[in-house]
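Visitor: Quick one, data_34.cif (mmCIF, C-alpha atoms and all ligand atoms):
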data_work
loop_
_atom_site.label_atom_id
_atom_site.label_comp_id
_atom_site.auth_asym_id
_atom_site.auth_seq_id
_atom_site.Cartn_x
_atom_site.Cartn_y
_atom_site.Cartn_z
CA MET A 6 112.40 55.27 118.43
CA LYS A 7 108.82 56.31 119.17
CA GLU A 8 108.71 58.19 115.84
CA GLY A 9 110.18 55.11 114.14
CA ILE A 10 107.51 52.82 115.55
CA LEU A 11 104.84 55.23 114.41
CA LYS A 12 106.32 55.29 110.93
CA LEU A 13 106.28 51.48 110.77
CA LEU A 14 102.66 51.37 111.92
CA LYS A 15 101.69 53.97 109.31
CA GLU A 16 103.53 52.12 106.54
CA ASN A 17 101.72 48.96 107.52
CA ASN A 18 98.39 50.63 106.79
CA ASP A 19 95.51 48.68 108.27
CA ASP A 20 97.41 45.49 109.03
CA PHE A 21 98.63 44.23 112.36
CA LEU A 22 102.33 44.43 113.05
CA SER A 23 103.62 41.96 115.61
CA GLY A 24 105.45 43.19 118.69
CA GLU A 25 108.14 40.64 117.88
CA LYS A 26 108.75 42.10 114.44
CA ILE A 27 108.98 45.63 115.79
CA SER A 28 111.36 44.61 118.56
CA GLU A 29 113.58 42.75 116.06
CA TYR A 30 113.57 45.78 113.78
CA PHE A 31 114.78 48.10 116.52
CA ASN A 32 116.71 45.45 118.40
CA VAL A 33 115.06 46.21 121.74
CA SER A 34 112.80 44.24 124.07
CA ARG A 35 109.07 43.88 123.48
CA ALA A 36 108.50 45.59 126.83
CA ALA A 37 110.29 48.65 125.47
CA ILE A 38 108.06 48.63 122.39
CA TRP A 39 105.00 48.34 124.60
CA LYS A 40 106.12 51.41 126.56
CA HIS A 41 106.45 53.48 123.40
CA ILE A 42 103.06 52.31 122.16
CA ASN A 43 101.56 53.52 125.44
CA THR A 44 103.17 56.93 125.04
CA LEU A 45 101.74 57.16 121.53
CA LYS A 46 98.30 56.31 122.92
CA GLU A 47 98.69 59.06 125.49
CA GLU A 48 99.43 61.50 122.66
CA GLY A 49 96.10 60.60 121.10
CA TYR A 50 96.98 57.81 118.64
CA GLU A 51 94.36 55.12 118.60
CA ILE A 52 96.25 51.83 118.48
CA GLU A 53 94.59 48.45 118.69
CA SER A 54 96.61 45.70 120.36
CA VAL A 55 95.57 42.09 119.98
CA PRO A 56 97.48 39.19 121.61
CA ARG A 57 99.47 37.11 119.10
CA LYS A 58 98.61 39.55 116.29
CA GLY A 59 100.29 42.71 117.43
CA TYR A 60 99.54 46.39 116.94
CA ARG A 61 97.43 48.25 114.42
CA LEU A 62 97.11 52.01 113.96
CA ILE A 63 93.47 53.04 113.78
CA SER A 64 93.65 56.83 113.82
CA SER A 65 96.08 59.68 114.36
CA PRO A 66 95.40 62.81 116.41
CA ASP A 67 95.39 66.32 114.92
CA ILE A 68 98.75 67.34 116.33
CA LEU A 69 101.62 69.15 114.66
CA THR A 70 104.51 66.76 115.28
CA TYR A 71 107.04 65.91 112.56
CA GLY A 72 105.51 62.44 112.30
CA GLU A 73 102.16 63.98 111.42
CA ILE A 74 103.21 66.65 108.95
CA GLU A 75 105.98 64.73 107.17
CA LYS A 76 103.70 63.39 104.47
CA TYR A 77 102.70 66.92 103.45
CA LEU A 78 106.28 68.21 103.28
CA ASP A 79 108.15 68.71 100.00
CA THR A 80 110.89 70.79 101.53
CA GLU A 81 114.60 70.23 101.70
CA PHE A 82 115.40 71.97 104.98
CA ILE A 83 112.45 74.03 106.21
CA GLY A 84 110.60 72.03 108.87
CA ARG A 85 112.88 68.98 108.66
CA LYS A 86 113.60 69.33 112.35
CA ILE A 87 110.77 70.20 114.69
CA TYR A 88 110.72 71.00 118.40
CA TYR A 89 107.17 70.19 119.40
CA PHE A 90 105.51 71.38 122.62
CA ASP A 91 102.11 70.82 124.11
CA THR A 92 102.36 74.18 125.83
CA ILE A 93 104.99 76.92 125.95
CA ASP A 94 105.21 80.63 126.80
CA SER A 95 106.28 81.80 123.33
CA THR A 96 107.73 79.83 120.40
CA ASN A 97 109.74 82.89 119.35
CA LYS A 98 111.34 83.05 122.78
CA LYS A 99 112.26 79.35 122.68
CA ALA A 100 113.55 79.62 119.11
CA LYS A 101 115.86 82.47 120.14
CA GLU A 102 117.26 80.36 122.98
CA ILE A 103 118.27 77.50 120.67
CA ALA A 104 118.91 79.36 117.41
CA LEU A 105 122.70 79.53 117.57
CA GLU A 106 123.09 75.75 117.90
CA GLU A 107 120.38 74.76 115.47
CA VAL A 108 120.44 74.26 111.72
CA GLU A 109 118.56 76.61 109.43
CA GLY A 110 114.95 75.63 108.89
CA THR A 111 114.42 74.18 112.37
CA ILE A 112 110.96 74.91 113.72
CA VAL A 113 109.59 75.43 117.21
CA ILE A 114 105.87 74.73 117.35
CA SER A 115 103.40 74.48 120.19
CA GLU A 116 99.77 73.50 120.60
CA GLU A 117 99.28 76.56 122.79
CA GLN A 118 101.19 79.64 123.91
CA THR A 119 100.65 81.18 127.31
CA LEU A 120 102.57 84.37 126.49
CA GLY A 121 102.37 84.61 122.71
CA ARG A 122 103.92 87.86 121.47
CA GLY A 123 103.03 90.33 118.77
CA ARG A 124 104.98 93.34 117.55
CA LEU A 125 105.86 96.37 119.69
CA GLY A 126 105.29 94.50 122.96
CA ARG A 127 101.74 93.43 122.12
CA GLY A 128 100.34 89.96 122.85
CA TRP A 129 99.09 87.15 120.62
CA VAL A 130 96.17 84.98 121.70
CA SER A 131 97.08 81.32 121.04
CA PRO A 132 94.53 78.81 122.38
CA LYS A 133 95.28 75.10 122.55
CA GLY A 134 95.01 72.86 119.49
CA LYS A 135 93.23 75.46 117.40
CA GLY A 136 95.94 77.31 115.54
CA ILE A 137 99.42 77.09 114.11
CA TRP A 138 101.78 78.83 116.53
CA MET A 139 105.34 78.42 115.37
CA SER A 140 108.74 79.98 114.78
CA ILE A 141 111.22 79.19 112.02
CA ILE A 142 114.95 79.58 112.62
CA LEU A 143 116.65 81.12 109.59
CA LYS A 144 120.29 82.00 108.94
CA PRO A 145 120.31 84.16 105.84
CA GLN A 146 123.65 85.62 104.84
CA ILE A 147 122.20 88.94 103.75
CA ASP A 148 122.41 92.58 104.69
CA PRO A 149 120.47 92.97 108.00
CA MET A 150 118.65 95.91 106.35
CA LYS A 151 116.94 93.39 104.08
CA VAL A 152 115.48 91.22 106.83
CA ALA A 153 112.10 92.96 106.61
CA LYS A 154 111.71 91.26 103.24
CA ILE A 155 111.58 87.90 104.99
CA THR A 156 108.35 88.97 106.72
CA GLN A 157 106.88 89.69 103.31
CA ILE A 158 108.04 86.31 102.02
CA GLY A 159 106.26 84.73 104.99
CA ALA A 160 103.06 86.70 104.32
CA ALA A 161 103.12 85.78 100.63
CA ALA A 162 103.65 82.10 101.50
CA VAL A 163 100.73 82.07 103.96
CA SER A 164 98.48 83.65 101.37
CA LEU A 165 99.55 81.13 98.70
CA ALA A 166 99.04 78.20 101.07
CA LEU A 167 95.51 79.46 101.79
CA GLU A 168 94.91 79.75 98.07
CA ASP A 169 95.99 76.09 97.76
CA LEU A 170 93.02 75.36 100.05
CA ASP A 171 90.74 77.63 97.96
CA ILE A 172 90.64 80.28 100.68
CA LYS A 173 90.95 83.85 99.46
CA SER A 174 92.91 86.18 101.70
CA TYR A 175 94.53 89.61 101.61
CA ILE A 176 97.87 90.82 102.88
CA LYS A 177 97.85 93.83 105.17
CA TRP A 178 101.39 95.17 104.83
CA PRO A 179 103.71 94.33 106.41
CA ASN A 180 102.79 91.39 108.58
CA ASP A 181 99.12 90.44 108.67
CA ILE A 182 96.87 88.25 106.59
CA VAL A 183 93.24 89.27 106.63
CA ILE A 184 89.92 87.81 105.54
CA ASN A 185 86.79 89.96 105.56
CA ARG A 186 88.90 92.77 107.00
CA LYS A 187 89.86 90.75 110.07
CA LYS A 188 93.20 89.25 111.02
CA VAL A 189 93.67 85.49 110.53
CA CYS A 190 97.45 85.52 110.74
CA GLY A 191 100.24 87.65 112.16
CA ILE A 192 103.99 87.48 111.66
CA LEU A 193 106.67 88.60 114.10
CA THR A 194 110.22 88.60 112.70
CA GLU A 195 113.11 89.12 115.09
CA MET A 196 116.84 88.97 114.50
CA SER A 197 120.20 88.87 116.14
CA CYS A 198 123.13 90.42 114.29
CA GLU A 199 126.56 91.88 114.74
CA LEU A 200 127.67 94.71 112.48
CA ASN A 201 126.74 93.44 109.07
CA MET A 202 126.48 89.78 109.94
CA ILE A 203 123.24 88.07 110.84
CA ASN A 204 123.48 85.41 113.55
CA TYR A 205 119.89 84.32 113.08
CA VAL A 206 116.43 85.46 112.15
CA ILE A 207 113.34 84.09 113.88
CA MET A 208 110.17 84.29 111.89
CA GLY A 209 107.20 83.69 114.19
CA ILE A 210 103.85 82.97 112.61
CA GLY A 211 100.46 82.66 114.20
CA ILE A 212 97.59 81.35 112.07
CA ASN A 213 94.07 81.27 113.50
CA VAL A 214 92.92 78.00 111.98
CA ASN A 215 90.10 76.42 113.98
CA LEU A 216 89.42 79.06 116.60
CA ASP A 217 85.74 79.55 117.39
CA LYS A 218 83.92 82.85 117.64
CA GLN A 219 84.11 82.66 121.46
CA ASP A 220 87.90 82.62 121.27
CA PHE A 221 87.85 86.22 120.04
CA ARG A 222 87.05 88.11 123.20
CA GLY A 223 87.88 91.53 124.59
CA GLU A 224 90.49 93.43 122.65
CA ILE A 225 90.42 91.07 119.67
CA GLU A 226 86.66 90.57 119.38
CA ASN A 227 86.34 92.81 116.35
CA VAL A 228 89.90 92.51 115.06
CA GLY A 229 90.48 88.80 114.67
CA THR A 230 88.88 85.91 112.87
CA SER A 231 89.76 82.32 111.99
CA LEU A 232 89.66 80.14 108.89
CA LYS A 233 86.95 78.04 110.55
CA VAL A 234 84.79 81.07 111.33
CA GLU A 235 85.19 82.41 107.79
CA THR A 236 84.74 79.17 105.84
CA GLY A 237 82.31 77.45 108.19
CA LYS A 238 84.41 74.30 108.29
CA LYS A 239 87.27 72.80 110.24
CA ILE A 240 90.58 72.99 108.37
CA SER A 241 93.38 70.43 108.68
CA ARG A 242 96.19 72.19 110.52
CA LYS A 243 98.73 69.57 109.41
CA LYS A 244 97.94 70.03 105.76
CA LEU A 245 97.96 73.82 105.96
CA LEU A 246 101.26 73.75 107.82
CA GLY A 247 102.80 71.49 105.15
CA LEU A 248 101.49 73.70 102.34
CA PHE A 249 102.83 76.81 104.01
CA LEU A 250 106.30 75.37 104.63
CA ASN A 251 106.54 74.22 101.00
CA ARG A 252 105.51 77.64 99.69
CA PHE A 253 107.82 79.41 102.12
CA GLU A 254 110.90 77.38 101.21
CA GLU A 255 110.33 78.02 97.51
CA LEU A 256 110.10 81.81 97.87
CA TYR A 257 112.81 82.00 100.53
CA THR A 258 115.45 79.98 98.66
CA SER A 259 114.74 81.87 95.48
CA PHE A 260 115.32 85.13 97.39
CA ILE A 261 118.51 83.93 99.11
CA ASN A 262 120.08 82.03 96.20
CA LYS A 263 118.87 84.03 93.21
CA ASP A 264 118.17 87.40 94.78
CA ASN A 265 114.63 86.97 93.51
CA PHE A 266 112.27 89.13 95.52
CA GLU A 267 110.04 89.88 92.52
CA ASP A 268 107.90 86.76 92.93
CA THR A 269 107.12 87.74 96.52
CA LEU A 270 106.47 91.35 95.53
CA LYS A 271 104.03 90.30 92.86
CA ILE A 272 102.00 88.32 95.41
CA CYS A 273 102.16 91.08 98.04
CA ARG A 274 100.99 93.67 95.52
CA ASN A 275 98.23 91.51 94.03
CA LYS A 276 96.87 90.56 97.42
CA SER A 277 97.41 93.88 99.13
CA ILE A 278 94.39 95.17 101.02
CA LEU A 279 96.00 98.58 101.51
CA ILE A 280 96.86 99.75 98.00
CA GLY A 281 94.46 102.51 96.99
CA LYS A 282 93.13 102.97 100.53
CA GLU A 283 93.28 105.80 103.05
CA VAL A 284 95.34 104.91 106.13
CA ARG A 285 96.79 106.31 109.30
CA ILE A 286 100.48 105.66 109.83
CA ILE A 287 101.33 105.48 113.52
CA LYS A 288 104.92 105.81 114.66
CA GLY A 289 105.17 106.14 118.42
CA ARG A 290 103.09 109.23 119.22
CA ASP A 291 103.23 110.50 115.69
CA GLU A 292 100.19 109.85 113.49
CA LYS A 293 99.69 110.85 109.88
CA SER A 294 96.95 110.15 107.35
CA GLY A 295 97.56 109.42 103.72
CA LYS A 296 96.71 107.20 100.81
CA VAL A 297 98.63 104.04 99.98
CA VAL A 298 99.76 104.22 96.37
CA GLY A 299 101.86 101.09 96.15
CA ILE A 300 104.71 98.90 97.39
CA ASN A 301 108.15 99.68 95.96
CA ASP A 302 110.76 97.14 94.78
CA GLU A 303 112.30 97.08 98.26
CA GLY A 304 108.97 96.02 99.74
CA GLU A 305 108.36 99.39 101.38
CA LEU A 306 104.89 100.92 101.54
CA LEU A 307 104.41 104.05 99.44
CA VAL A 308 102.11 106.55 101.12
CA ASP A 309 100.92 109.78 99.53
CA TYR A 310 100.41 112.46 102.19
CA GLY A 311 98.97 114.91 99.69
CA GLU A 312 100.58 117.62 97.56
CA ASN A 313 102.46 114.85 95.78
CA LYS A 314 104.50 114.10 98.87
CA VAL A 315 105.02 110.33 98.65
CA GLU A 316 106.99 108.68 101.43
CA ASN A 317 108.35 105.14 101.62
CA ILE A 318 107.58 103.47 104.90
CA MET A 319 109.79 100.69 106.21
CA SER A 320 108.04 98.06 108.24
CA GLY A 321 110.09 98.50 111.42
CA GLU A 322 108.29 100.59 113.97
CA VAL A 323 105.04 101.58 112.34
CA SER A 324 101.45 100.46 112.65
CA VAL A 325 99.10 100.97 109.75
CA ARG A 326 95.43 101.47 110.49
CA GLY A 327 92.81 101.48 107.79
CA LEU A 328 90.25 104.22 108.19
CA TYR A 329 87.39 101.89 107.39
CA GLY A 330 88.17 98.83 109.49
CA TYR A 331 90.73 96.77 107.60
P1 LIG A 401 100.85 92.55 115.86
O1 LIG A 401 101.53 93.40 116.87
O2 LIG A 401 100.74 93.05 114.47
O3 LIG A 401 99.41 92.15 116.36
C1 LIG A 401 99.12 92.01 117.72
C2 LIG A 401 97.72 92.50 117.94
O4 LIG A 401 96.78 91.67 117.26
C3 LIG A 401 97.30 92.45 119.41
O5 LIG A 401 97.57 93.66 120.06
C4 LIG A 401 95.80 92.16 119.34
O6 LIG A 401 95.06 93.35 119.15
C5 LIG A 401 95.65 91.36 118.07
N1 LIG A 401 95.65 89.91 118.33
C6 LIG A 401 96.17 89.20 119.35
N2 LIG A 401 95.99 87.89 119.18
C7 LIG A 401 95.32 87.74 118.02
C8 LIG A 401 94.84 86.63 117.29
N3 LIG A 401 95.03 85.37 117.70
N4 LIG A 401 94.19 86.88 116.13
C9 LIG A 401 93.99 88.12 115.67
N5 LIG A 401 94.43 89.21 116.31
C10 LIG A 401 95.09 89.03 117.47
C11 LIG A 401 101.39 90.19 114.98
O7 LIG A 401 101.67 91.20 115.87
C12 LIG A 401 102.45 89.10 115.12
C13 LIG A 401 101.95 87.91 115.86
C14 LIG A 401 102.92 86.78 115.83
C15 LIG A 401 102.45 85.61 116.63
C16 LIG A 401 103.35 84.42 116.50
S1 LIG A 401 102.65 82.99 117.13
C17 LIG A 401 104.12 82.14 117.09
C18 LIG A 401 105.22 83.13 117.42
N6 LIG A 401 105.51 83.16 118.85
C19 LIG A 401 105.17 84.33 119.42
O8 LIG A 401 105.28 84.60 120.63
N7 LIG A 401 104.68 85.15 118.47
C20 LIG A 401 104.71 84.55 117.16
#
Output the file's structure as structure tokens, nothing else.
Ligand code: BTX
Guide:
Amino acid sequence: MKEGILKLLKENNDDFLSGEKISEYFNVSRAAIWKHINTLKEEGYEIESVPRKGYRLISSPDILTYGEIEKYLDTEFIGRKIYYFDTIDSTNKKAKEIALEEVEGTIVISEEQTLGRGRLGRGWVSPKGKGIWMSIILKPQIDPMKVAKITQIGAAAVSLALEDLDIKSYIKWPNDIVINRKKVCGILTEMSCELNMINYVIMGIGINVNLDKQDFRGEIENVGTSLKVETGKKISRKKLLGLFLNRFEELYTSFINKDNFEDTLKICRNKSILIGKEVRIIKGRDEKSGKVVGINDEGELLVDYGENKVENIMSGEVSVRGLYGY
């Protein structure tokens, strides 16, 4: 109902909408309408109320609710249902809890995470109102071995969405987006499966949108950056989120329905920051240096360890470190 009232106010543009009209529309009392209007105000919507005229929407807050991103969405099922939180421990954790009952494409998103998670037990800094911290519930009927490709689809979609905003970025295989050699986005894909059947895949994405320099302290001071820091201007989180979801659905459905991974590969290769560079591949305690010579058709990293010994690296349990700070 609250979302419905908001929609009516938005459709009415700058005009007043009488409380009577709204209460007739929803067939509830005017007191009930008044209560919902107050909740909207608490969420940050500026709503003018004038006796005998009604309500008028003056401005909307920069929050990532369905009501706010709907106008940017072109998708059929990705992001059509959103669980929105002001604060949460981890959106991936919440998504896993509800995944079995939810439809594919449902999103869990939060303004802040208090225990945001990265890969291999690492953390993800997620300050309030400054980034996009979200998880998408997916139910692909594919071989579980191919799930790593979904991370690459996510990375390609983030990079395309940034390009839509005229922001140039690179993909650091398998799961980071970098600008000026620093991380602006990380992806954490987790799955639940039995034998050869996938129950669900959770793709968690963290995008540093409007974080300030001071937000990158301690461990991440020299590793992370944000779109605001790099471009010098505040970026609309709603718009970027919409652009990303549109790009993601396109690449994802093409992969699932037409087995088309080539489009994603092309983007990941073109935007790769690693191809041609010297790297260290870290797997547990094992570390090896080599040169990245490409990404194969399966999306695996091809690393030349010298003497023509080229190995394909699957994304699973490895970390890739550039030797010169990328
Ligand atoms: P990763 O393991 O590749 O990167 C984690 C590492 O990145 C950390 O150890 C730290 O050094 C650095 N780091 C932490 N926070 C940030 C940040 N905000 N910006 C840049 N660098 C940072 C990458 O893991 C996967 C991250 C996924 C995050 C999303 S957010 C929504 C969803 N929910 C959740 O708990 N995780 C995912």
Visitor: Could you make a table, as JSON lines, of the residues of chain A that have an atom within 8 Å of an atom of ligand LIG 401 (chain A), each with its nearest atom pair and distance in Å to one decimal, counting all atoms listed in the file, in chain and number order?
Guide:
{"residue": "A:Asp94", "atom": "CA", "partner": "A:LIG401", "partner_atom": "O8", "distance": 7.3}
{"residue": "A:Ser95", "atom": "CA", "partner": "A:LIG401", "partner_atom": "O8", "distance": 4.0}
{"residue": "A:Thr96", "atom": "CA", "partner": "A:LIG401", "partner_atom": "N6", "distance": 4.3}
{"residue": "A:Asn97", "atom": "CA", "partner": "A:LIG401", "partner_atom": "N6", "distance": 4.3}
{"residue": "A:Lys98", "atom": "CA", "partner": "A:LIG401", "partner_atom": "O8", "distance": 6.6}
{"residue": "A:Ile114", "atom": "CA", "partner": "A:LIG401", "partner_atom": "C17", "distance": 7.6}
{"residue": "A:Gln118", "atom": "CA", "partner": "A:LIG401", "partner_atom": "O8", "distance": 7.2}
{"residue": "A:Leu120", "atom": "CA", "partner": "A:LIG401", "partner_atom": "O8", "distance": 6.5}
{"residue": "A:Gly121", "atom": "CA", "partner": "A:LIG401", "partner_atom": "O8", "distance": 3.6}
{"residue": "A:Arg122", "atom": "CA", "partner": "A:LIG401", "partner_atom": "O8", "distance": 3.6}
{"residue": "A:Gly123", "atom": "CA", "partner": "A:LIG401", "partner_atom": "O7", "distance": 3.3}
{"residue": "A:Arg124", "atom": "CA", "partner": "A:LIG401", "partner_atom": "O1", "distance": 3.5}
{"residue": "A:Leu125", "atom": "CA", "partner": "A:LIG401", "partner_atom": "O1", "distance": 6.0}
{"residue": "A:Gly126", "atom": "CA", "partner": "A:LIG401", "partner_atom": "O1", "distance": 7.2}
{"residue": "A:Arg127", "atom": "CA", "partner": "A:LIG401", "partner_atom": "O5", "distance": 4.7}
{"residue": "A:Gly128", "atom": "CA", "partner": "A:LIG401", "partner_atom": "C3", "distance": 5.2}
{"residue": "A:Trp129", "atom": "CA", "partner": "A:LIG401", "partner_atom": "N2", "distance": 3.5}
{"residue": "A:Val130", "atom": "CA", "partner": "A:LIG401", "partner_atom": "N2", "distance": 3.9}
{"residue": "A:Ser131", "atom": "CA", "partner": "A:LIG401", "partner_atom": "N3", "distance": 5.6}
{"residue": "A:Ile137", "atom": "CA", "partner": "A:LIG401", "partner_atom": "S1", "distance": 7.4}
{"residue": "A:Trp138", "atom": "CA", "partner": "A:LIG401", "partner_atom": "C17", "distance": 4.1}
{"residue": "A:Met139", "atom": "CA", "partner": "A:LIG401", "partner_atom": "C17", "distance": 4.3}
{"residue": "A:Ser140", "atom": "CA", "partner": "A:LIG401", "partner_atom": "C18", "distance": 5.4}
{"residue": "A:Asn180", "atom": "CA", "partner": "A:LIG401", "partner_atom": "O2", "distance": 6.5}
{"residue": "A:Asp181", "atom": "CA", "partner": "A:LIG401", "partner_atom": "O2", "distance": 6.6}
{"residue": "A:Lys187", "atom": "CA", "partner": "A:LIG401", "partner_atom": "C9", "distance": 7.4}
{"residue": "A:Lys188", "atom": "CA", "partner": "A:LIG401", "partner_atom": "C9", "distance": 4.9}
{"residue": "A:Val189", "atom": "CA", "partner": "A:LIG401", "partner_atom": "C9", "distance": 5.8}
{"residue": "A:Cys190", "atom": "CA", "partner": "A:LIG401", "partner_atom": "N4", "distance": 6.4}
{"residue": "A:Gly191", "atom": "CA", "partner": "A:LIG401", "partner_atom": "C11", "distance": 4.0}
{"residue": "A:Ile192", "atom": "CA", "partner": "A:LIG401", "partner_atom": "C12", "distance": 4.1}
{"residue": "A:Leu193", "atom": "CA", "partner": "A:LIG401", "partner_atom": "C12", "distance": 4.4}
{"residue": "A:Met208", "atom": "CA", "partner": "A:LIG401", "partner_atom": "C18", "distance": 7.5}
{"residue": "A:Gly209", "atom": "CA", "partner": "A:LIG401", "partner_atom": "C18", "distance": 3.8}
{"residue": "A:Ile210", "atom": "CA", "partner": "A:LIG401", "partner_atom": "C16", "distance": 4.2}
{"residue": "A:Gly211", "atom": "CA", "partner": "A:LIG401", "partner_atom": "S1", "distance": 3.7}
{"residue": "A:Ile212", "atom": "CA", "partner": "A:LIG401", "partner_atom": "S1", "distance": 7.3}
{"residue": "A:Asn213", "atom": "CA", "partner": "A:LIG401", "partner_atom": "N3", "distance": 5.9}
{"residue": "A:Phe221", "atom": "CA", "partner": "A:LIG401", "partner_atom": "N4", "distance": 7.5}
{"residue": "A:Glu224", "atom": "CA", "partner": "A:LIG401", "partner_atom": "O6", "distance": 5.8}
{"residue": "A:Ile225", "atom": "CA", "partner": "A:LIG401", "partner_atom": "O6", "distance": 5.2}
{"residue": "A:Val228", "atom": "CA", "partner": "A:LIG401", "partner_atom": "N5", "distance": 5.7}
{"residue": "A:Gly229", "atom": "CA", "partner": "A:LIG401", "partner_atom": "C9", "distance": 3.7}
{"residue": "A:Thr230", "atom": "CA", "partner": "A:LIG401", "partner_atom": "C9", "distance": 6.2}
{"residue": "A:Ser231", "atom": "CA", "partner": "A:LIG401", "partner_atom": "N4", "distance": 7.6}
{"residue": "A:Ser324", "atom": "CA", "partner": "A:LIG401", "partner_atom": "O2", "distance": 7.7}
Visitor: Given the point (112.5, 99.9, 106.2) in the file's coordinates, find the residues that have an atom at most 7 Å from it, counting all atoms listed in the file, and give them as a list in words.
Guide: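 Counting all atoms listed in the file, I find these residues within 7 Å of (112.5, 99.9, 106.2): Ala153, Glu305, Ile318, Met319, Ser320 and Gly321 of chain A.
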Visitor: May I have the selected residues written with C-alpha atoms, as a CSV table (one decimal), in the frame of the given file?
Guide:
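File written: again_6.csv
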chain,number,residue,atom,x,y,z
A,153,ALA,CA,112.1,93.0,106.6
A,305,GLU,CA,108.4,99.4,101.4
A,318,ILE,CA,107.6,103.5,104.9
A,319,MET,CA,109.8,100.7,106.2
A,320,SER,CA,108.0,98.1,108.2
A,321,GLY,CA,110.1,98.5,111.4
Visitor: List the spatial neighbours of Met6 (chain A) as JSON, numbers by chain - criterion: any atom at most 9 Å away, only C-alpha atoms, same-chain residues fewer than 6 positions off excluded.
Guide: {"A": [31, 38, 41]}
Visitor: Find, counting only C-alpha atoms, the residue in A:Gln146, A:Ser241, A:Asn317, A:Thr119 that gets nearest to Leu69 (chain A).
Guide: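 Under the stated criterion, the closest residue is A:Ser241.
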Visitor: Hey, which of A:Lys238, A:Lys15, A:Lys86, A:Lys218 ends up closest to Val113 (chain A)? Count all atoms listed in the file.
Guide: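 Looking only at the distances to Val113 (chain A), the closest residue turns out to be A:Lys86.
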Visitor: Find the residue from A:Cys198, A:Val325, A:Leu13, A:Ile278 that sits nearest to Ile147 (chain A); use all atoms listed in the file when measuring.
Guide: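 Closest to Ile147 (chain A), using all atoms listed in the file: A:Cys198.
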Visitor: So how many Å separate CA of Val284 (chain A) and CA of Lys151 (chain A), to one decimal?
Guide: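 Value for the CA of Val284 (chain A)-CA of Lys151 (chain A) distance: 24.6 Å.
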Visitor: Counting all atoms listed in the file, which residues have an atom no more than 10 Å from (101.9, 87.1, 102.0) in the file's coordinates? Please list them as JSON, numbers by chain.
Guide: {"A": [156, 157, 158, 159, 160, 161, 162, 163, 164, 165, 166, 167, 174, 175, 176, 177, 178, 179, 180, 181, 182, 190, 192, 253, 269, 270, 271, 272, 273, 274, 275, 276, 277]}
Visitor: Interatomic distance between CA of Thr194 (chain A) and CA of Glu73 (chain A)?
Guide: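 So the two atoms, CA of Thr194 (chain A) and CA of Glu73 (chain A), lie 25.9 Å apart.
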Visitor: What is the distance between CA of Glu102 (chain A) and CA of Leu143 (chain A), in Å to one decimal?
Guide: 13.4 Å
Visitor: Just checking: using all atoms listed in the file, which residue out of A:Leu78, A:Val55, A:Ile42, A:Leu200 ends up closest to Arg252 (chain A)?
Guide: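 Residue with the minimum atom-to-atom distance to Arg252 (chain A): A:Leu78.
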Visitor: Let me make sure I understand: among A:Glu29, A:Ile300, A:Gly134, A:Lys233, which one has the smallest atom-to-atom distance to Leu279 (chain A) if we use all atoms listed in the file?
Guide: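 The shortest atom-to-atom distance to Leu279 (chain A) comes from A:Ile300.
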Visitor: Applying 12 Å and only C-alpha atoms, which residues near Lys314 (chain A) remain after dropping the ones on its own chain fewer than 3 positions away? List them as a PyMOL selection string.
Guide: chain A and resi 295-298+307-311+317
Visitor: Set the distance at 9 Å and use only C-alpha atoms: which residues neighbour Ile68 (chain A) once local chain neighbours fewer than 4 positions away are removed? I'd like the list as a ChimeraX atom specification.
Guide: /A:48-49,73-74,116,134,242-243
Visitor: So which one's closest to Pro56 (chain A), A:Phe266, A:Phe21, A:Phe260, A:Tyr88? Using all atoms listed in the file, please.
Guide: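 Counting all atoms listed in the file, the residue closest to Pro56 (chain A) is A:Phe21.
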